[in-house]
Amino acid sequence: MKIAICDKEEECIEDIERHLNQYFSQHNLYLELFKFSNSTDILSSSKSFDIAILGIEVDEINGIEIGKELQKTKPGTALIYVTEYDRYLDDALDLGVIRFFTKPIESDRFFRGLDFAIEKIDNAEIKFYLYDEAKGLATVNCTDIIYIEICGRKTMVVTKKNKYTSKESIKFWHDKLNKSYFEFPHKSFIINTNYITYYDRGRIILDEKYDIPIAYSKRAEFKQKFFELLSNK
């Protein structure tokens with residue numbers, strides 16, 4: 001799971017990091033952490049985040065405004081706020097914030113908030129237009145998607161129950177599928193690593209039946225990520 005922390009106080013960042021390391025170690029989950037001390041760096045980052053944990057008084061752009069921008073540029077990012085002040089609570093709730101914590105962090109409550117955030121992320125739904133306009137919109141849960149493949153000017157969405165032909169581009173899916181369990185072994189494919197049933201240097205089998213190639217330029221990177229996944233299961 002990819003989590004960003006942004007706060008002007010190094011002590012607060014370190015405290016949140018300690019809590020995250022404890023939580024993810026206890027739950028045997030993979031954590032990729034990004035730390036920022038100002039609004040410019042987090043908003044210009046090319047990384048996608050599953051969760052952003054934000055302070056309120058960061059710099060000239062406060063945490064509420066940072067959250068608004070993240071929701072535009074990195075849709076699907078769950079927001080958690082940690083602050084010494086509760087006067088921003090209403091603004092935070094307007095953003096659909098997962099949790100709002102006051103400093104110092106109370107461990108049990110913080111861990112319960114992470115439980116809720118991770119559950120919400122894993123249950124996220126994506127709506128997309130089908131290629132045949134007469135069929136309108138389709139809705140799928142992220143966790144049900146096995147892989148996405150480019151098919152000409154279209155994309156094919158393969159889930160546990162159905163295959164959909166989507167009007168959306170692969171870029172749409174790259175932007176939407178920013179969960180930590182999605183990887184890109186090839187420019188034409190996005191895969192859900194939870195469905196890997198076989199792996200070798202040049203290919204992956206998903207759900208015991210879908211054969212997906214690994215691009216030559218991606219093999220070393222994917223090998224590292226694959227063994228990271230194994231060690232965190």
# chains A, B, ... in the order shown; residues from 1 in each chain; ligands from 1

$ residues_around --residues "range 129-144 of chain A" --least-positions-apart "2" --cutoff "7 Å" --atoms "only C-alpha atoms" --output "list in words"
Asp122, Asn123, Ala124, Glu125, Ile126, Lys127, Ile146, Thr159, Lys160, Thr165, Ser166, Lys167 and Glu168 of chain A

$ residues_around --residues "Lys120 in chain A" --least-positions-apart "5" --cutoff "10 Å" --atoms "only C-alpha atoms" --output "PyMOL selection string"
chain A and resi 78+98+114-115+125

$ write_last_selection --atoms "all heavy atoms" --output "CSV table (one decimal), in the first residue's frame"
chain,number,residue,atom,x,y,z
A,78,ALA,N,-7.4,8.2,-0.4
A,78,ALA,CA,-8.1,8.4,0.9
A,78,ALA,C,-7.4,9.4,1.7
A,78,ALA,O,-6.1,9.4,1.8
A,78,ALA,CB,-8.3,7.1,1.6
A,98,ILE,N,-11.5,10.4,5.5
A,98,ILE,CA,-11.7,9.1,6.2
A,98,ILE,C,-11.7,9.3,7.7
A,98,ILE,O,-12.5,8.8,8.4
A,98,ILE,CB,-10.6,8.1,5.8
A,98,ILE,CG1,-10.7,7.8,4.3
A,98,ILE,CG2,-10.6,6.8,6.6
A,98,ILE,CD1,-11.9,6.9,3.9
A,114,LEU,N,-7.0,3.4,10.3
A,114,LEU,CA,-6.3,2.7,9.2
A,114,LEU,C,-7.1,1.5,8.7
A,114,LEU,O,-7.3,1.2,7.5
A,114,LEU,CB,-4.9,2.3,9.6
A,114,LEU,CG,-3.9,3.4,9.7
A,114,LEU,CD1,-2.6,2.9,10.3
A,114,LEU,CD2,-3.7,4.0,8.3
A,115,ASP,N,-7.7,0.7,9.7
A,115,ASP,CA,-8.6,-0.4,9.4
A,115,ASP,C,-9.7,0.0,8.4
A,115,ASP,O,-10.0,-0.6,7.4
A,115,ASP,CB,-9.2,-1.0,10.6
A,115,ASP,CG,-8.2,-1.8,11.5
A,115,ASP,OD1,-7.2,-2.3,10.9
A,115,ASP,OD2,-8.5,-2.0,12.6
A,125,GLU,N,-15.2,1.3,-6.0
A,125,GLU,CA,-15.8,1.0,-7.3
A,125,GLU,C,-15.4,1.9,-8.4
A,125,GLU,O,-15.1,3.1,-8.1
A,125,GLU,CB,-17.4,1.1,-7.2
A,125,GLU,CG,-18.0,0.0,-6.3
A,125,GLU,CD,-19.5,0.1,-6.3
A,125,GLU,OE1,-20.1,1.2,-6.6
A,125,GLU,OE2,-20.2,-0.9,-6.1

$ atom_distance --atom1 "CA of Gln26 in chain A" --atom2 "CA of Ile105 in chain A"
18.1 Å

$ residues_around --residues "range 210-225 of chain A" --least-positions-apart "5" --cutoff "12 Å" --atoms "only C-alpha atoms" --output "ChimeraX atom specification"
/A:30,32,146-149,158-160,180-193,195-205,230-232

$ residues_around --residues "Ala4 in chain A" --least-positions-apart "6" --cutoff "10 Å" --atoms "only C-alpha atoms" --output "VMD selection string"
chain A and resid 17 32 to 36 42 47 to 54 77 79

$ residues_around --residues "range 56-58 of chain A" --least-positions-apart "5" --cutoff "6 Å" --atoms "only C-alpha atoms" --output "mmCIF file with all heavy atoms, in the first residue's frame"
data_model
loop_
_atom_site.group_PDB
_atom_site.id
_atom_site.type_symbol
_atom_site.label_atom_id
_atom_site.label_comp_id
_atom_site.auth_asym_id
_atom_site.auth_seq_id
_atom_site.Cartn_x
_atom_site.Cartn_y
_atom_site.Cartn_z
ATOM 1 N N ASP A 7 3.567 16.976 6.399
ATOM 2 C CA ASP A 7 3.436 17.829 7.576
ATOM 3 C C ASP A 7 4.695 18.678 7.686
ATOM 4 O O ASP A 7 5.781 18.228 7.297
ATOM 5 C CB ASP A 7 3.243 16.984 8.835
ATOM 6 C CG ASP A 7 2.694 17.794 10.004
ATOM 7 O OD1 ASP A 7 3.481 18.572 10.596
ATOM 8 O OD2 ASP A 7 1.501 17.661 10.319
ATOM 9 N N LYS A 8 4.555 19.872 8.203
ATOM 10 C CA LYS A 8 5.730 20.737 8.330
ATOM 11 C C LYS A 8 6.622 20.341 9.501
ATOM 12 O O LYS A 8 7.793 20.740 9.552
ATOM 13 C CB LYS A 8 5.301 22.198 8.489
ATOM 14 C CG LYS A 8 4.564 22.509 9.793
ATOM 15 C CD LYS A 8 4.198 23.976 9.885
ATOM 16 C CE LYS A 8 3.467 24.302 11.179
ATOM 17 N NZ LYS A 8 3.104 25.731 11.271
ATOM 18 N N GLY A 63 -3.414 22.103 4.575
ATOM 19 C CA GLY A 63 -3.723 20.713 4.304
ATOM 20 C C GLY A 63 -5.073 20.494 3.647
ATOM 21 O O GLY A 63 -5.242 19.540 2.871
ATOM 22 N N THR A 83 -3.788 16.873 13.234
ATOM 23 C CA THR A 83 -3.545 18.281 13.530
ATOM 24 C C THR A 83 -3.715 18.570 15.016
ATOM 25 O O THR A 83 -4.324 17.783 15.759
ATOM 26 C CB THR A 83 -4.517 19.171 12.726
ATOM 27 O OG1 THR A 83 -4.288 20.546 13.032
ATOM 28 C CG2 THR A 83 -5.960 18.815 13.049
#

$ select_by_dssp --residues "range 14-232 of chain A" --states "strand (DSSP E or B)" --output "PyMOL selection string"
chain A and resi 32-36+51-54+78-83+99-102+125-130+137-141+145-151+154-159+163-166+182-186+189-192+196-200+203-206+210-213

$ residues_around --residues "Asp175 in chain A" --least-positions-apart "2" --cutoff "9 Å" --atoms "only C-alpha atoms" --output "JSON, numbers by chain"
{"A": [48, 73, 74, 75, 170, 171, 172, 173, 177, 178]}

$ write_last_selection --atoms "N, CA, C and O atoms" --output "PDB file, in the first residue's frame"
ATOM      1  N   SER A  48       1.448   7.873  -7.224  1.00  0.00           N
ATOM      2  CA  SER A  48       0.057   7.759  -6.797  1.00  0.00           C
ATOM      3  C   SER A  48       0.043   7.233  -5.372  1.00  0.00           C
ATOM      4  O   SER A  48       0.952   6.524  -4.950  1.00  0.00           O
ATOM      5  N   THR A  73      -6.060  15.514  -8.849  1.00  0.00           N
ATOM      6  CA  THR A  73      -4.939  14.958  -9.615  1.00  0.00           C
ATOM      7  C   THR A  73      -4.694  13.480  -9.348  1.00  0.00           C
ATOM      8  O   THR A  73      -4.127  12.784 -10.182  1.00  0.00           O
ATOM      9  N   LYS A  74      -5.079  13.001  -8.165  1.00  0.00           N
ATOM     10  CA  LYS A  74      -4.879  11.598  -7.798  1.00  0.00           C
ATOM     11  C   LYS A  74      -6.193  11.043  -7.243  1.00  0.00           C
ATOM     12  O   LYS A  74      -6.306  10.753  -6.049  1.00  0.00           O
ATOM     13  N   PRO A  75      -7.199  10.925  -8.107  1.00  0.00           N
ATOM     14  CA  PRO A  75      -8.522  10.471  -7.632  1.00  0.00           C
ATOM     15  C   PRO A  75      -8.443   9.104  -6.989  1.00  0.00           C
ATOM     16  O   PRO A  75      -7.684   8.243  -7.407  1.00  0.00           O
ATOM     17  N   ILE A 170      -6.081   3.366 -21.965  1.00  0.00           N
ATOM     18  CA  ILE A 170      -5.263   2.752 -20.926  1.00  0.00           C
ATOM     19  C   ILE A 170      -4.821   3.794 -19.904  1.00  0.00           C
ATOM     20  O   ILE A 170      -4.621   3.476 -18.724  1.00  0.00           O
ATOM     21  N   LYS A 171      -4.677   5.066 -20.330  1.00  0.00           N
ATOM     22  CA  LYS A 171      -4.311   6.135 -19.387  1.00  0.00           C
ATOM     23  C   LYS A 171      -5.391   6.317 -18.334  1.00  0.00           C
ATOM     24  O   LYS A 171      -5.100   6.549 -17.156  1.00  0.00           O
ATOM     25  N   PHE A 172      -6.654   6.224 -18.738  1.00  0.00           N
ATOM     26  CA  PHE A 172      -7.755   6.306 -17.776  1.00  0.00           C
ATOM     27  C   PHE A 172      -7.574   5.257 -16.693  1.00  0.00           C
ATOM     28  O   PHE A 172      -7.705   5.538 -15.496  1.00  0.00           O
ATOM     29  N   TRP A 173      -7.245   4.029 -17.104  1.00  0.00           N
ATOM     30  CA  TRP A 173      -7.092   2.946 -16.138  1.00  0.00           C
ATOM     31  C   TRP A 173      -5.825   3.116 -15.299  1.00  0.00           C
ATOM     32  O   TRP A 173      -5.835   2.806 -14.102  1.00  0.00           O
ATOM     33  N   LEU A 177      -6.652   3.053 -11.429  1.00  0.00           N
ATOM     34  CA  LEU A 177      -6.220   1.863 -10.690  1.00  0.00           C
ATOM     35  C   LEU A 177      -4.901   2.155  -9.985  1.00  0.00           C
ATOM     36  O   LEU A 177      -3.850   1.608 -10.320  1.00  0.00           O
ATOM     37  N   ASN A 178      -4.973   3.040  -8.988  1.00  0.00           N
ATOM     38  CA  ASN A 178      -3.759   3.453  -8.266  1.00  0.00           C
ATOM     39  C   ASN A 178      -3.597   2.715  -6.948  1.00  0.00           C
ATOM     40  O   ASN A 178      -2.891   3.169  -6.061  1.00  0.00           O
TER      41      ASN A 178
END

$ atom_distance --atom1 "CA of Lys176 in chain A" --atom2 "CA of Ala117 in chain A"
17.2 Å

$ atom_distance --atom1 "CA of Asn21 in chain A" --atom2 "CA of Thr40 in chain A"
25.4 Å

$ closest_residue --among "A:Lys209, A:Lys179, A:Lys72, A:His19" --to "Arg112 in chain A" --atoms "only C-alpha atoms"
A:His19
